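Below is one structure; the comments refer to it alone.
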Amino acid sequence: MDEFKKIIEQLISVFQQLTKIEHVKLDAAAGKHVGTVEDCVTQQQALLLRLRGLEQSREREQKKAGYEGLQFREILERCPDSEREGLFQLFDSLSREIQMFREVNADSNEILKTNLHMIDKALRTKTGKTYNSNGKDETNVRHMTSRRV
């Protein structure tokens, strides 16, 4: 169970790092600093690979401990009383870090979408053309919202 706890601690650390990078990416996207956004994405890709490895290790250790396929709250219900408080704190901390990352990530993605829309709009104004998702010219202009009543 100690190895399982270490993996949860490492997961917390990875999400803290991801959140810090996401904050930098958010500021860079708001300031339209493309190079910084690219650097952040590169750093996040490396951390996501580490996250996948940790997740596999977590599943393996969880299985060894006899909790295969269980959610964290189910593990808390079944674990010995001596382990419960420590696990609860770890699970709670991991949950908070994941939630913080999701919130900052959503904000960052919204700014990036807005920036892409502005770039697309500027290109359409300059060239008079629009492009579909395959990169081909579209002759008819589509609206962002439906005009049907």
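Here, A, B, ... name the chains of the structure tokens in the order displayed, residue numbers run from 1 inside each chain, and ligands are numbered from 1 in the same displayed order.
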
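Residues with any atom within 12 Å of A:Gln99, counting only C-alpha atoms and excluding same-chain neighbours fewer than 3 positions away, are Ile12, Phe15, Gln16, Leu18, Thr19, Asp92, Ser93, Leu94, Ser95, Arg96, Arg102, Glu103, Val104, Asn105 and Ala106 of chain A.
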
(message) Considering only alpha helix (DSSP H) as DSSP defines it on the backbone, what residues of chain A qualify? List them as a PyMOL selection string.
(response) chain A and resi 2-30+34-64+72-78+81-127

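Compared by their closest atoms to A:Leu54, and using only C-alpha atoms, the residues A:His33, A:Arg84, A:Arg73, A:Lys5 rank with A:Lys5 nearest.
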
(request) Would you mind listing what lies within 10 Å of A:Leu87 as JSON, numbers by chain, with only C-alpha atoms counted and same-chain residues fewer than 6 positions away left out? (result) {"A": [1, 4, 5, 8, 72, 73, 75, 76, 79, 93]}

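Considering the residues A:Glu68, A:Gln17, A:Glu59, A:Val41 and counting only C-alpha atoms, A:Ala29 has its shortest atom-to-atom contact with A:Val41.
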